[in-house]
Structure formats: C-alpha cells, structure tokens
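Participant: I am sharing upload.txt, which consists of compact mmCIF, C-alpha atoms:
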# COMPACT_ATOMS: atom_id res chain seq x y z
CA MET A 1 140.18 83.97 151.48
CA LYS A 2 142.66 85.80 149.31
CA ILE A 3 141.87 86.39 145.65
CA LYS A 4 144.28 84.24 143.70
CA ASN A 5 145.91 85.81 140.68
CA LEU A 6 146.11 82.43 139.01
CA LEU A 7 142.34 82.50 138.60
CA ILE A 8 142.76 85.00 135.77
CA GLY A 9 145.03 82.67 133.84
CA LEU A 10 142.89 79.63 134.49
CA LEU A 11 139.47 81.16 133.93
CA CYS A 12 138.17 80.42 130.45
CA ILE A 13 134.77 81.80 129.47
CA ILE A 14 132.91 80.85 126.29
CA SER A 15 129.76 82.84 125.66
CA PHE A 16 127.13 81.96 123.09
CA PRO A 17 124.70 84.46 121.55
CA ALA A 18 121.27 84.65 123.08
CA HIS A 19 118.19 84.60 120.88
CA ALA A 20 115.39 84.43 123.43
CA GLU A 21 113.95 87.21 125.50
CA LEU A 22 113.33 85.50 128.86
CA GLU A 23 114.01 88.19 131.47
CA ILE A 24 112.77 89.30 134.89
CA ASP A 25 111.68 92.92 135.24
CA ILE A 26 113.24 94.00 138.55
CA THR A 27 112.69 97.74 138.19
CA GLY A 28 109.22 97.77 139.73
CA ALA A 29 107.48 96.18 142.69
CA MET A 30 108.41 92.71 143.87
CA ARG A 31 106.88 89.88 141.86
CA GLU A 32 106.67 86.13 142.23
CA PRO A 33 110.10 84.48 141.93
CA MET A 34 110.91 82.94 138.56
CA PRO A 35 110.72 79.11 138.70
CA ILE A 36 114.02 77.56 137.59
CA ALA A 37 114.95 73.92 137.12
CA TYR A 38 118.48 73.04 138.21
CA PRO A 39 119.23 69.30 137.96
CA LYS A 40 122.23 67.84 139.75
CA MET A 41 125.53 68.64 138.09
CA ILE A 42 126.73 66.03 135.62
CA ASN A 43 130.13 64.54 136.47
CA ASP A 44 132.49 62.23 134.62
CA GLY A 45 131.91 59.34 137.00
CA LYS A 46 135.52 59.22 138.17
CA ALA A 47 137.01 59.83 141.60
CA MET A 48 133.67 59.60 143.39
CA GLY A 49 135.23 59.21 146.86
CA LEU A 50 135.13 61.67 149.72
CA PHE A 51 137.24 64.22 147.85
CA GLY A 52 136.10 63.30 144.34
CA VAL A 53 134.35 65.30 141.65
CA GLY A 54 130.93 64.36 142.98
CA MET A 55 131.65 66.29 146.18
CA TYR A 56 132.47 69.45 144.21
CA ALA A 57 129.40 68.97 142.00
CA ASP A 58 127.08 68.95 145.01
CA ARG A 59 128.83 71.83 146.75
CA ILE A 60 128.90 74.11 143.71
CA ARG A 61 125.23 73.46 142.96
CA ASP A 62 124.23 74.09 146.58
CA VAL A 63 125.99 77.47 146.65
CA VAL A 64 124.49 78.56 143.31
CA MET A 65 121.00 77.60 144.45
CA ALA A 66 121.47 79.40 147.78
CA ASP A 67 122.64 82.58 146.01
CA LEU A 68 119.68 82.58 143.65
CA ASP A 69 117.20 81.83 146.42
CA ARG A 70 118.62 84.55 148.66
CA SER A 71 118.06 87.15 145.93
CA GLY A 72 114.31 86.58 146.22
CA LEU A 73 114.00 86.66 142.42
CA PHE A 74 114.27 82.94 141.72
CA ARG A 75 112.72 79.73 143.00
CA VAL A 76 114.56 76.49 142.24
CA ILE A 77 111.98 73.76 141.60
CA ASP A 78 112.40 70.66 143.77
CA ASP A 79 114.33 68.07 141.78
CA GLY A 80 111.94 65.33 142.88
CA SER A 81 109.51 66.61 140.25
CA TYR A 82 111.98 66.48 137.36
CA ILE A 83 110.97 64.15 134.52
CA GLU A 84 114.06 64.09 132.31
CA ASP A 85 117.45 62.84 133.49
CA LEU A 86 120.25 64.84 131.88
CA THR A 87 123.37 62.68 131.53
CA SER A 88 125.62 64.83 129.31
CA ILE A 89 126.36 68.53 129.08
CA ASN A 90 125.97 68.18 125.30
CA GLN A 91 122.54 66.56 125.58
CA ARG A 92 119.81 68.84 124.25
CA PRO A 93 117.01 68.91 126.84
CA ASN A 94 113.51 67.71 126.05
CA PHE A 95 111.82 71.01 126.78
CA ILE A 96 108.31 69.51 126.90
CA ASP A 97 109.35 67.69 130.10
CA TRP A 98 110.60 70.93 131.66
CA GLN A 99 107.54 72.87 130.55
CA ALA A 100 105.40 70.24 132.27
CA ILE A 101 106.84 71.20 135.67
CA LYS A 102 106.34 74.90 134.83
CA ALA A 103 110.03 75.81 134.71
CA HIS A 104 110.83 79.07 132.93
CA ALA A 105 114.58 78.51 132.78
CA LEU A 106 116.77 75.41 132.94
CA VAL A 107 120.33 75.28 134.27
CA GLN A 108 122.37 72.43 132.77
CA SER A 109 125.84 72.01 134.25
CA ALA A 110 128.73 69.60 134.48
CA VAL A 111 132.00 69.25 136.38
CA GLN A 112 135.05 67.10 135.74
CA GLU A 113 138.62 66.81 136.93
CA THR A 114 141.21 67.65 134.29
CA THR A 115 144.48 65.77 133.81
CA ASP A 116 146.36 68.44 135.74
CA GLY A 117 144.09 68.02 138.78
CA LYS A 118 141.94 71.10 138.27
CA LEU A 119 138.18 71.51 137.95
CA LYS A 120 136.45 72.16 134.65
CA VAL A 121 132.92 73.45 135.15
CA GLU A 122 130.49 73.91 132.23
CA LEU A 123 127.18 75.75 132.21
CA ARG A 124 124.25 75.94 129.81
CA LEU A 125 121.29 78.22 130.57
CA TRP A 126 118.11 77.53 128.56
CA ASP A 127 114.83 79.32 127.94
CA VAL A 128 112.40 76.45 128.47
CA MET A 129 109.52 77.93 126.47
CA SER A 130 111.51 78.79 123.33
CA GLY A 131 114.14 76.08 123.60
CA GLU A 132 116.86 78.65 123.00
CA GLN A 133 120.20 78.65 124.79
CA LEU A 134 120.63 81.90 126.70
CA GLN A 135 124.16 81.38 127.93
CA GLY A 136 127.00 78.90 127.72
CA GLN A 137 130.21 79.11 129.73
CA SER A 138 133.16 76.95 130.67
CA TYR A 139 135.49 77.55 133.62
CA SER A 140 138.77 75.91 134.57
CA THR A 141 140.32 76.62 137.95
CA SER A 142 141.98 75.06 140.99
CA LYS A 143 139.82 72.99 143.30
CA ASP A 144 140.10 75.40 146.21
CA ASN A 145 138.34 78.03 144.07
CA TRP A 146 135.15 75.99 143.80
CA ARG A 147 133.12 78.40 145.93
CA ARG A 148 134.14 81.42 143.81
CA ILE A 149 133.17 79.53 140.66
CA ALA A 150 129.75 78.88 142.21
CA HIS A 151 129.25 82.60 142.93
CA ILE A 152 130.39 83.50 139.41
CA ILE A 153 127.88 81.00 137.93
CA ALA A 154 125.11 82.51 140.08
CA ASP A 155 126.12 85.99 138.85
CA THR A 156 125.99 84.75 135.25
CA ILE A 157 122.46 83.38 135.68
CA TYR A 158 121.32 86.49 137.54
CA GLU A 159 122.72 88.85 134.90
CA ARG A 160 121.27 86.92 131.95
CA LEU A 161 117.80 86.68 133.48
CA THR A 162 117.56 90.19 134.98
CA GLY A 163 119.67 92.26 132.57
CA GLU A 164 121.76 93.62 135.44
CA LYS A 165 125.10 92.62 136.92
CA GLY A 166 125.03 90.15 139.77
CA TYR A 167 126.49 90.68 143.25
CA PHE A 168 127.28 87.20 144.56
CA ASP A 169 131.03 87.16 143.87
CA THR A 170 131.66 89.85 146.48
CA ARG A 171 132.80 90.26 150.07
CA VAL A 172 131.65 92.26 153.07
CA VAL A 173 133.79 93.91 155.72
CA TYR A 174 132.00 94.69 158.99
CA VAL A 175 132.59 95.39 162.67
CA SER A 176 132.42 92.20 164.71
CA GLU A 177 131.18 92.96 168.22
CA SER A 178 131.50 90.91 171.39
CA GLY A 179 131.61 91.36 175.16
CA PRO A 180 129.43 93.31 177.61
CA ALA A 181 128.23 96.81 176.80
CA THR A 182 130.75 98.40 179.15
CA ARG A 183 133.73 96.51 177.65
CA ARG A 184 132.72 96.07 174.03
CA VAL A 185 135.33 94.54 171.70
CA LYS A 186 134.99 95.81 168.13
CA ARG A 187 137.24 94.34 165.45
CA LEU A 188 137.18 94.24 161.67
CA ALA A 189 136.06 91.02 160.01
CA ILE A 190 135.58 90.00 156.38
CA MET A 191 133.41 87.33 154.76
CA ASP A 192 131.84 86.39 151.46
CA GLN A 193 128.48 88.06 150.90
CA ASP A 194 126.75 84.84 151.99
CA GLY A 195 128.59 84.78 155.33
CA GLU A 196 131.11 82.08 154.38
CA ASN A 197 134.94 82.28 154.41
CA HIS A 198 134.86 84.40 157.55
CA ARG A 199 138.04 85.76 159.09
CA PHE A 200 139.13 88.62 161.33
CA LEU A 201 141.26 91.48 160.02
CA THR A 202 142.17 93.19 163.31
CA SER A 203 142.99 91.75 166.73
CA GLY A 204 140.47 93.69 168.80
CA THR A 205 143.09 95.33 171.02
CA SER A 206 142.06 98.67 169.47
CA MET A 207 138.47 99.56 168.64
CA ALA A 208 137.75 99.50 164.88
CA LEU A 209 134.87 101.49 163.39
CA THR A 210 133.27 102.56 160.08
CA PRO A 211 135.04 100.36 157.51
CA ARG A 212 134.53 101.43 153.88
CA PHE A 213 135.64 99.56 150.76
CA SER A 214 137.59 101.13 147.93
CA PRO A 215 135.37 101.20 144.81
CA ASN A 216 138.06 99.75 142.53
CA MET A 217 140.57 98.00 144.80
CA GLN A 218 140.51 95.39 147.53
CA LYS A 219 141.32 97.95 150.20
CA VAL A 220 139.40 99.23 153.21
CA THR A 221 139.66 102.49 155.11
CA TYR A 222 138.54 102.58 158.73
CA LEU A 223 138.88 104.32 162.08
CA SER A 224 140.87 102.87 164.93
CA PHE A 225 140.83 104.09 168.51
CA SER A 226 144.18 103.42 170.13
CA GLY A 227 143.94 105.06 173.51
CA SER A 228 141.83 108.20 173.17
CA ALA A 229 143.12 109.35 169.75
CA PRO A 230 141.28 108.27 166.58
CA LYS A 231 143.45 107.27 163.64
CA VAL A 232 142.52 106.62 160.01
CA TYR A 233 144.02 103.54 158.35
CA ILE A 234 143.96 101.93 154.91
CA LEU A 235 144.15 98.14 154.96
CA ASP A 236 145.07 96.05 151.90
CA ILE A 237 142.82 92.99 152.17
CA GLU A 238 145.06 90.73 150.08
CA SER A 239 148.48 91.53 151.55
CA GLY A 240 147.35 92.46 155.06
CA LYS A 241 149.49 95.59 154.86
CA GLN A 242 148.13 98.48 156.93
CA GLU A 243 148.92 102.12 156.24
CA LEU A 244 148.34 105.01 158.61
CA VAL A 245 146.69 107.83 156.71
CA GLY A 246 147.28 110.42 159.39
CA HIS A 247 146.48 111.93 162.77
CA PHE A 248 143.70 114.50 162.85
CA PRO A 249 142.79 117.06 165.48
CA GLY A 250 139.74 116.42 167.59
CA MET A 251 137.32 113.61 166.78
CA THR A 252 137.47 112.03 163.31
CA PHE A 253 134.45 110.49 161.58
CA ALA A 254 133.55 108.23 158.66
CA PRO A 255 136.41 108.12 156.12
CA VAL A 256 135.29 107.08 152.62
CA PHE A 257 137.09 106.62 149.29
CA SER A 258 136.48 108.66 146.14
CA PRO A 259 135.23 106.66 143.09
CA ASP A 260 138.78 106.44 141.69
CA SER A 261 140.22 105.65 145.14
CA SER A 262 142.69 108.54 144.91
CA LYS A 263 141.10 110.58 147.70
CA LEU A 264 139.44 110.19 151.07
CA LEU A 265 136.49 112.12 152.38
CA LEU A 266 136.29 112.47 156.13
CA SER A 267 134.96 114.80 158.77
CA PHE A 268 136.64 115.85 161.95
CA ALA A 269 135.89 118.17 164.80
CA ALA A 270 138.16 121.09 165.59
CA ASN A 271 137.36 123.81 168.13
CA GLY A 272 133.90 122.38 168.65
CA ASN A 273 132.97 122.42 164.94
CA THR A 274 132.78 119.39 162.64
CA GLU A 275 133.53 119.96 158.94
CA ILE A 276 134.11 117.76 155.89
CA TYR A 277 137.56 117.52 154.35
CA GLU A 278 138.99 115.83 151.28
CA MET A 279 142.48 114.30 151.40
CA ASP A 280 144.60 113.52 148.35
CA LEU A 281 146.16 110.15 149.16
CA LYS A 282 149.13 110.71 146.86
CA ASN A 283 150.51 113.86 148.48
CA ARG A 284 148.48 113.74 151.74
CA THR A 285 147.23 117.30 151.34
CA SER A 286 143.75 118.17 152.60
CA ARG A 287 141.22 120.80 151.69
CA GLN A 288 138.17 121.87 153.65
CA LEU A 289 134.90 121.45 151.73
CA THR A 290 132.28 122.70 154.20
CA LYS A 291 132.45 125.91 156.23
CA ASN A 292 129.47 126.17 158.52
CA PRO A 293 129.03 126.45 162.29
CA ALA A 294 126.78 123.37 162.19
CA ILE A 295 127.88 119.72 162.30
CA ASP A 296 128.64 118.44 158.78
CA THR A 297 129.48 114.73 158.57
CA SER A 298 128.90 111.33 156.90
CA PRO A 299 129.94 112.31 153.35
CA SER A 300 129.54 110.02 150.34
CA TYR A 301 130.56 110.62 146.73
CA SER A 302 128.29 110.18 143.74
CA PRO A 303 129.53 107.40 141.41
CA ASP A 304 130.97 109.95 138.96
CA GLY A 305 132.72 111.85 141.75
CA LYS A 306 131.07 115.15 140.81
CA GLN A 307 128.84 115.49 143.88
CA ILE A 308 128.85 114.64 147.58
CA VAL A 309 125.91 113.85 149.85
CA PHE A 310 126.26 114.46 153.58
CA ASN A 311 124.15 115.13 156.65
CA SER A 312 124.12 118.38 158.60
CA ASP A 313 122.11 120.06 161.34
CA ARG A 314 122.57 123.49 159.76
CA GLY A 315 118.80 123.66 159.26
CA GLY A 316 118.02 122.96 162.92
CA ASN A 317 118.17 119.13 162.93
CA GLN A 318 119.90 116.39 160.95
CA GLN A 319 119.00 116.52 157.26
CA LEU A 320 120.60 115.40 154.00
CA TYR A 321 122.39 117.82 151.69
CA VAL A 322 124.09 117.50 148.31
CA MET A 323 126.98 119.69 147.18
CA ASP A 324 129.40 119.77 144.28
CA ALA A 325 132.69 117.96 144.86
CA ASP A 326 134.48 121.26 145.54
CA GLY A 327 132.02 122.16 148.33
CA SER A 328 129.95 124.63 146.33
CA ASN A 329 126.26 124.64 145.42
CA VAL A 330 124.93 123.11 148.66
CA LYS A 331 121.28 122.00 148.47
CA ARG A 332 119.06 120.34 151.07
CA ILE A 333 117.31 117.25 149.69
CA SER A 334 115.45 115.71 152.69
CA PHE A 335 112.23 117.32 153.89
CA GLY A 336 110.30 114.51 155.57
CA ASN A 337 109.46 114.27 159.26
CA GLY A 338 112.32 113.20 161.50
CA ARG A 339 116.11 113.24 161.26
CA TYR A 340 118.31 111.76 158.52
CA ALA A 341 121.83 110.31 158.74
CA THR A 342 124.45 107.99 157.14
CA PRO A 343 123.66 108.76 153.47
CA VAL A 344 125.28 106.47 150.88
CA TRP A 345 125.08 107.02 147.13
CA SER A 346 124.06 104.00 145.04
CA PRO A 347 126.73 102.64 142.65
CA ARG A 348 124.22 103.25 139.84
CA GLY A 349 123.71 106.85 140.89
CA ASP A 350 119.91 106.62 140.93
CA TYR A 351 119.32 106.50 144.69
CA ILE A 352 120.77 107.61 148.00
CA ALA A 353 120.25 105.27 150.95
CA PHE A 354 120.00 106.69 154.47
CA THR A 355 119.08 106.08 158.09
CA LYS A 356 115.99 107.94 159.34
CA MET A 357 114.87 108.54 162.92
CA ALA A 358 111.22 109.49 163.47
CA GLY A 359 108.50 108.72 166.03
CA GLY A 360 110.78 106.67 168.24
CA GLN A 361 111.73 104.34 165.39
CA PHE A 362 114.71 103.93 163.07
CA TYR A 363 114.29 103.34 159.34
CA ILE A 364 116.42 102.39 156.35
CA GLY A 365 115.22 104.31 153.31
CA VAL A 366 116.12 105.51 149.83
CA MET A 367 115.44 108.64 147.83
CA HIS A 368 116.52 110.04 144.49
CA PRO A 369 119.49 112.46 144.52
CA ASP A 370 117.11 115.41 144.17
CA GLY A 371 115.18 114.27 147.28
CA SER A 372 112.16 112.92 145.42
CA GLY A 373 110.69 109.43 145.71
CA GLU A 374 111.52 108.78 149.36
CA ARG A 375 110.71 105.19 150.36
CA LEU A 376 111.27 103.46 153.70
CA LEU A 377 112.42 99.85 153.32
CA ALA A 378 113.06 98.58 156.87
CA SER A 379 112.22 99.75 160.38
CA GLY A 380 112.93 98.78 163.96
CA TYR A 381 114.14 99.76 167.41
CA LEU A 382 117.56 100.33 165.80
CA VAL A 383 118.33 99.89 162.11
CA GLU A 384 121.33 101.75 160.74
CA GLY A 385 124.37 101.85 158.47
CA PRO A 386 123.16 100.95 154.95
CA THR A 387 125.67 99.79 152.33
CA TRP A 388 124.95 98.99 148.68
CA SER A 389 125.63 95.82 146.73
CA PRO A 390 127.78 96.69 143.69
CA ASN A 391 124.82 96.42 141.32
CA GLY A 392 122.71 98.85 143.38
CA ARG A 393 119.84 96.38 143.84
CA VAL A 394 120.35 95.22 147.46
CA LEU A 395 121.16 96.96 150.74
CA MET A 396 122.87 95.54 153.79
CA PHE A 397 122.46 97.17 157.22
CA PHE A 398 122.56 96.28 160.91
CA ARG A 399 119.63 95.81 163.28
CA GLN A 400 119.19 95.61 167.02
CA ASP A 401 115.85 94.81 168.61
CA ARG A 402 114.76 96.22 171.96
CA GLY A 403 116.56 94.42 174.81
CA THR A 404 115.51 93.71 178.35
CA ALA A 405 116.30 95.71 181.49
CA ARG A 406 119.26 93.40 182.18
CA LYS A 407 120.49 92.47 178.73
CA ASN A 408 120.95 94.22 175.41
CA ALA A 409 119.60 92.49 172.32
CA PRO A 410 122.23 91.25 169.83
CA VAL A 411 123.28 93.37 166.86
CA ARG A 412 122.86 91.53 163.53
CA LEU A 413 123.43 92.14 159.82
CA TYR A 414 120.54 92.04 157.35
CA THR A 415 119.97 92.44 153.63
CA ILE A 416 116.90 93.82 151.89
CA ASP A 417 115.94 94.32 148.26
CA LEU A 418 115.60 97.82 146.86
CA THR A 419 111.86 97.15 146.52
CA GLY A 420 111.59 96.75 150.32
CA TYR A 421 110.97 92.99 150.13
CA ASN A 422 113.06 89.93 150.96
CA GLU A 423 114.66 91.02 154.24
CA ARG A 424 117.10 88.35 155.44
CA MET A 425 119.59 87.99 158.27
CA VAL A 426 123.25 87.36 157.43
CA VAL A 427 124.66 84.88 159.94
CA THR A 428 127.99 85.87 161.53
CA PRO A 429 130.01 84.13 164.30
CA ALA A 430 129.52 87.04 166.71
CA GLU A 431 127.38 90.16 166.61
CA GLY A 432 127.90 92.45 163.63
CA SER A 433 127.46 96.12 162.71
CA ASP A 434 128.57 98.75 160.19
CA PRO A 435 128.86 96.58 157.04
CA ALA A 436 130.66 97.68 153.86
CA TRP A 437 130.03 95.79 150.61
CA SER A 438 132.91 95.24 148.19
CA PRO A 439 132.83 95.70 144.42
CA LEU A 440 132.72 92.54 142.32
CA LEU A 441 135.96 90.60 142.76
CA PRO A 442 138.42 90.75 139.88
CA GLN A 443 138.52 87.66 137.68
Rewrite the structure of this file - the entire thing - as structure tokens.
Facilitator:
Amino acid sequence: MKIKNLLIGLLCIISFPAHAELEIDITGAMREPMPIAYPKMINDGKAMGLFGVGMYADRIRDVVMADLDRSGLFRVIDDGSYIEDLTSINQRPNFIDWQAIKAHALVQSAVQETTDGKLKVELRLWDVMSGEQLQGQSYSTSKDNWRRIAHIIADTIYERLTGEKGYFDTRVVYVSESGPATRRVKRLAIMDQDGENHRFLTSGTSMALTPRFSPNMQKVTYLSFSGSAPKVYILDIESGKQELVGHFPGMTFAPVFSPDSSKLLLSFAANGNTEIYEMDLKNRTSRQLTKNPAIDTSPSYSPDGKQIVFNSDRGGNQQLYVMDADGSNVKRISFGNGRYATPVWSPRGDYIAFTKMAGGQFYIGVMHPDGSGERLLASGYLVEGPTWSPNGRVLMFFRQDRGTARKNAPVRLYTIDLTGYNERMVVTPAEGSDPAWSPLLPQ
C-alpha cells in the first residue's frame, strides 16, 4: 500500500508528439461514451505459468478497462468483435479493421519480464480515423507495482482523450463504520480510488472523524475522540507516524490543510460560540478568523489560498459564505431554499461543492464561487460529505437510504460526475462515510 520510492528511479516514460485532434469534450452535458478498442496485452510468450507475464498482462488490462469504464466517458468494445490480431507492439494497426467496428481510439499495449525480473509495459494510443499515434509510453517497474502502472496507463489515456489530468492513480481515506447505532465503531481506512488495496489506519479504540488529505503530501489530518475530549492529529500515510496537533477548548470541528500544507483551518466552540481559526503548523500559533455570535464552521481554502468558504447561521439558518484568507470581506454566496453545509472548493477553483438540506431531502450540489450556477447532482434520505477528485471532475460522497423501524440502512460511499451523471457505489469491506480524496500519487 505504501508508495515506493524506487518507482521514481524505475519509471521510464517516452512520449511521442500527437498530430491528431481526437478528444472528448467533457465541459458540457454528459454525452455517449467514446468507443475504444483495447485488445489483450501482447506478451513475450515466456513464463506463462501461474505467476508469469500473462497473468500481469490480464490483470493490468482489466484494471485499465475498469478505470475507463467507471469514468463514464469511455466504452471498451467487446474483444469478440475485433478483426485484426495484434502480435507486436511495433506492428502498425490496420485501421480499416478498427474503423469497421466503430472504434474511435485504439489502445495497443505489451508487457514483458526484463532480465532483472521486473516488468516492462509499453503503450501506444492511436486515433483510429486518422491513423495517427496520440501517445506512446514505456514503463519499467517491480512486479508488485503492477496495479499502480495500470492506474497510470488509465490516467494517460484519460488525459490524452479529454485534455484534463486523470484521477485514477489516487487514494481515498474514509471513516469505516461498524457495529450497532448505540456502539458505533469509527476508524480510519485507506484504499485506492477503485476500492482495492484496502487497509485500516486506526484501531477503532478511539472514534475517528473528518479525515482530510494534505494537498501536496501523503498526510491526513483528522479528529479523534479519546474519552470526551476531541484531539486533532496529523497522520503520515507512508510512515504511519502520528502527530498530535494540539488540544482545543470546547468542541473541535473539521480540520483542513491549506493549499501549501503549512497551516490548518479548524473551528472550535468556546463559551457557547463556534469560530474559525487558522493554525501555523510550524510554530503552532493560531489566529481567529471569524468573530460573530453565530456558528461558523466547515472551512475550506480556495486552491490559491486567498479565500475561504465556510457555512454559518449568521443569517438565520445555515448558508455558505466566502471570505478573504485573513477573515475580511465576508460575503454570502448561497441564496436557494433550504440549508447549506460542508462546502469544499474544487481543486480547479471553478466550483464549490456542498451538502444541501431542503424539503426533507439531502442533496449534493455545486455552485460557482460567486454563488451562481447552482446545480444539484445527487439526492436522497441522507447524502453528505462531498470530496473532489484531484482533477475537479468527479465527486465522492456518502449515502444512507431510509432504514426500517428496527434497523438502520447501511452507509455507503458513492462517486458522481460533475455533470450529475454516472453515479456509482464504491465497495468497501464495512460501511463507509466522510471520504477524502488524495492528490495524484507522486511518480
């Protein structure tokens, strides 16, 4: 599960210039997925046993296809309809055969075992109509990194065909929930964005809440309830080292990193009033940003760190507000019916995601930072806690349906596209809530 530093030394990327203009427009409403042909990976024919190259070829291809399918933007054509049999990575495809099955793009790939026992994976991405090569890459890495290589290949295809960075080579930290409602166990867990490589980060002896990833490091800040006192921790995902940030008076809420990871935003209640504070992690000094008798909480920085969005009931009920990073120039941005909470600024800066409560329903929505263009993407008995993929195109949140008189319905994680289409459940070993999406993993 750890990111291996040796990947940097072993990762070799060769990119070729692109001449064609095959690209999906993903800025507007959802369209039909692009049909892609992806033949089985070519292998060198050696070591075809249980742990041979053929096993890695199938596994890598399966993960790439699953990533692309899950995005909702691509449809891999069934290989039973393929006419041409590609037998070498250097073989130029007969594009008439691929045009006949209505493929727009063709993925040609190969895997072999090198003399030092590592995997060499090669990729060619073709525009079927023009016959131009869009991308060519070669990777060399240890065998236990095969899944990461698959996610990186999927990101490469996604980026070349959409014009935007991918999000498959990422991880998600969330709160794993188990046990009856009166004795709920909540512990931190981490997994790849597709639900694989799952492991727990905390034991469950203390309740863990509101994990948030550092924007530029593999670290997470979260709340822990040990006894009745909330504490804020920073956990290094790779080393497992945990650092206590500090004890705070009253009830503490929702710590979140600044874009450069040098500060934490958090809110805590003192003398019956909840305000937002900013802590410098280097010298552990804090400054109060809001000063209002209302409840101010759930802060989130803009990507450039110049502004902060938060929710407050200073106007009579929960609404969203934006202020400068020093606490000045506070402006209300939400004016729709209902109450708004848990705002999170998109990594691209163009949208703010939020939870909305209106008419007995919960909603996941987005709006522009000035409050315009509000759109509701998902709804239900309980939907809450949006978090952005690092490219700002997909949201993850948690959902709970209405239970019965005797039993609560399970809490599950879901993803949905920014367009409001392609909602999908993320399978976890136990129930899951409060997800936090990582940045792209370092290569």
Participant: Could you make a table, as a Markdown table, of the residues of region 244-314 of chain A that have an atom within 12 Å of an atom of region 348-370 of chain A, each with its nearest atom pair and distance in Å to one decimal, counting only C-alpha atoms, in chain and number order?
Facilitator:
| residue | atom | partner | partner_atom | distance |
| --- | --- | --- | --- | --- |
| A:Pro259 | CA | A:Gly349 | CA | 11.7 |
| A:Ser298 | CA | A:Phe354 | CA | 10.3 |
| A:Pro299 | CA | A:Phe354 | CA | 11.5 |
| A:Ser300 | CA | A:Ile352 | CA | 9.4 |
| A:Tyr301 | CA | A:Gly349 | CA | 9.8 |
| A:Ser302 | CA | A:Gly349 | CA | 6.3 |
| A:Pro303 | CA | A:Gly349 | CA | 5.9 |
| A:Asp304 | CA | A:Gly349 | CA | 8.1 |
| A:Gly305 | CA | A:Gly349 | CA | 10.3 |
| A:Lys306 | CA | A:Gly349 | CA | 11.1 |
| A:Gln307 | CA | A:Pro369 | CA | 9.8 |
| A:Ile308 | CA | A:Pro369 | CA | 10.1 |
| A:Val309 | CA | A:Ile352 | CA | 8.3 |
| A:Phe310 | CA | A:Phe354 | CA | 10.0 |
| A:Asn311 | CA | A:Phe354 | CA | 9.7 |
Participant: Determine the nearest neighbour of Lys407 (chain A) from the options A:Asn283, A:Pro180, A:Ala378, A:Val185, counting all atoms listed in the file.
Facilitator: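 Between A:Asn283, A:Pro180, A:Ala378, A:Val185, the residue approaching Lys407 (chain A) most closely is A:Pro180.
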Participant: Using only C-alpha atoms, what table do you get, as a tab-separated table, when you list each residue of region 33-108 of chain A with an atom no more than 10 Å from region 408-427 of chain A, its nearest pair of atoms, and their distance in Å rounded to one decimal, rows by chain then rising number?
Facilitator:
residue	atom	partner	partner_atom	distance
A:Arg70	CA	A:Arg424	CA	7.9
A:Ser71	CA	A:Asn422	CA	7.6
A:Gly72	CA	A:Asn422	CA	5.9
A:Leu73	CA	A:Asn422	CA	9.2
Participant: Counting all atoms listed in the file, which of A:Ser328, A:Gln112, A:Gln400, A:Gln133 gets nearest to Ser379 (chain A)?
Facilitator: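 Using all atoms listed in the file, Ser379 (chain A) sits closest to A:Gln400.
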Participant: List as a VMD selection string the protein and nucleic acid residues near Ala37 (chain A), meaning an atom at most 7 Å away when only C-alpha atoms are counted, but skip any in the same chain fewer than 5 places from it.
Facilitator: chain A and resid 76 to 77 103 105 to 107
Participant: Please determine, counting all atoms listed in the file, which residue among A:Ala229, A:Thr210, A:Asn292, A:Asp78 has the shortest atom-to-atom distance to Phe253 (chain A).
Facilitator: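 Checking each candidate against Phe253 (chain A), we get A:Thr210 as the closest.
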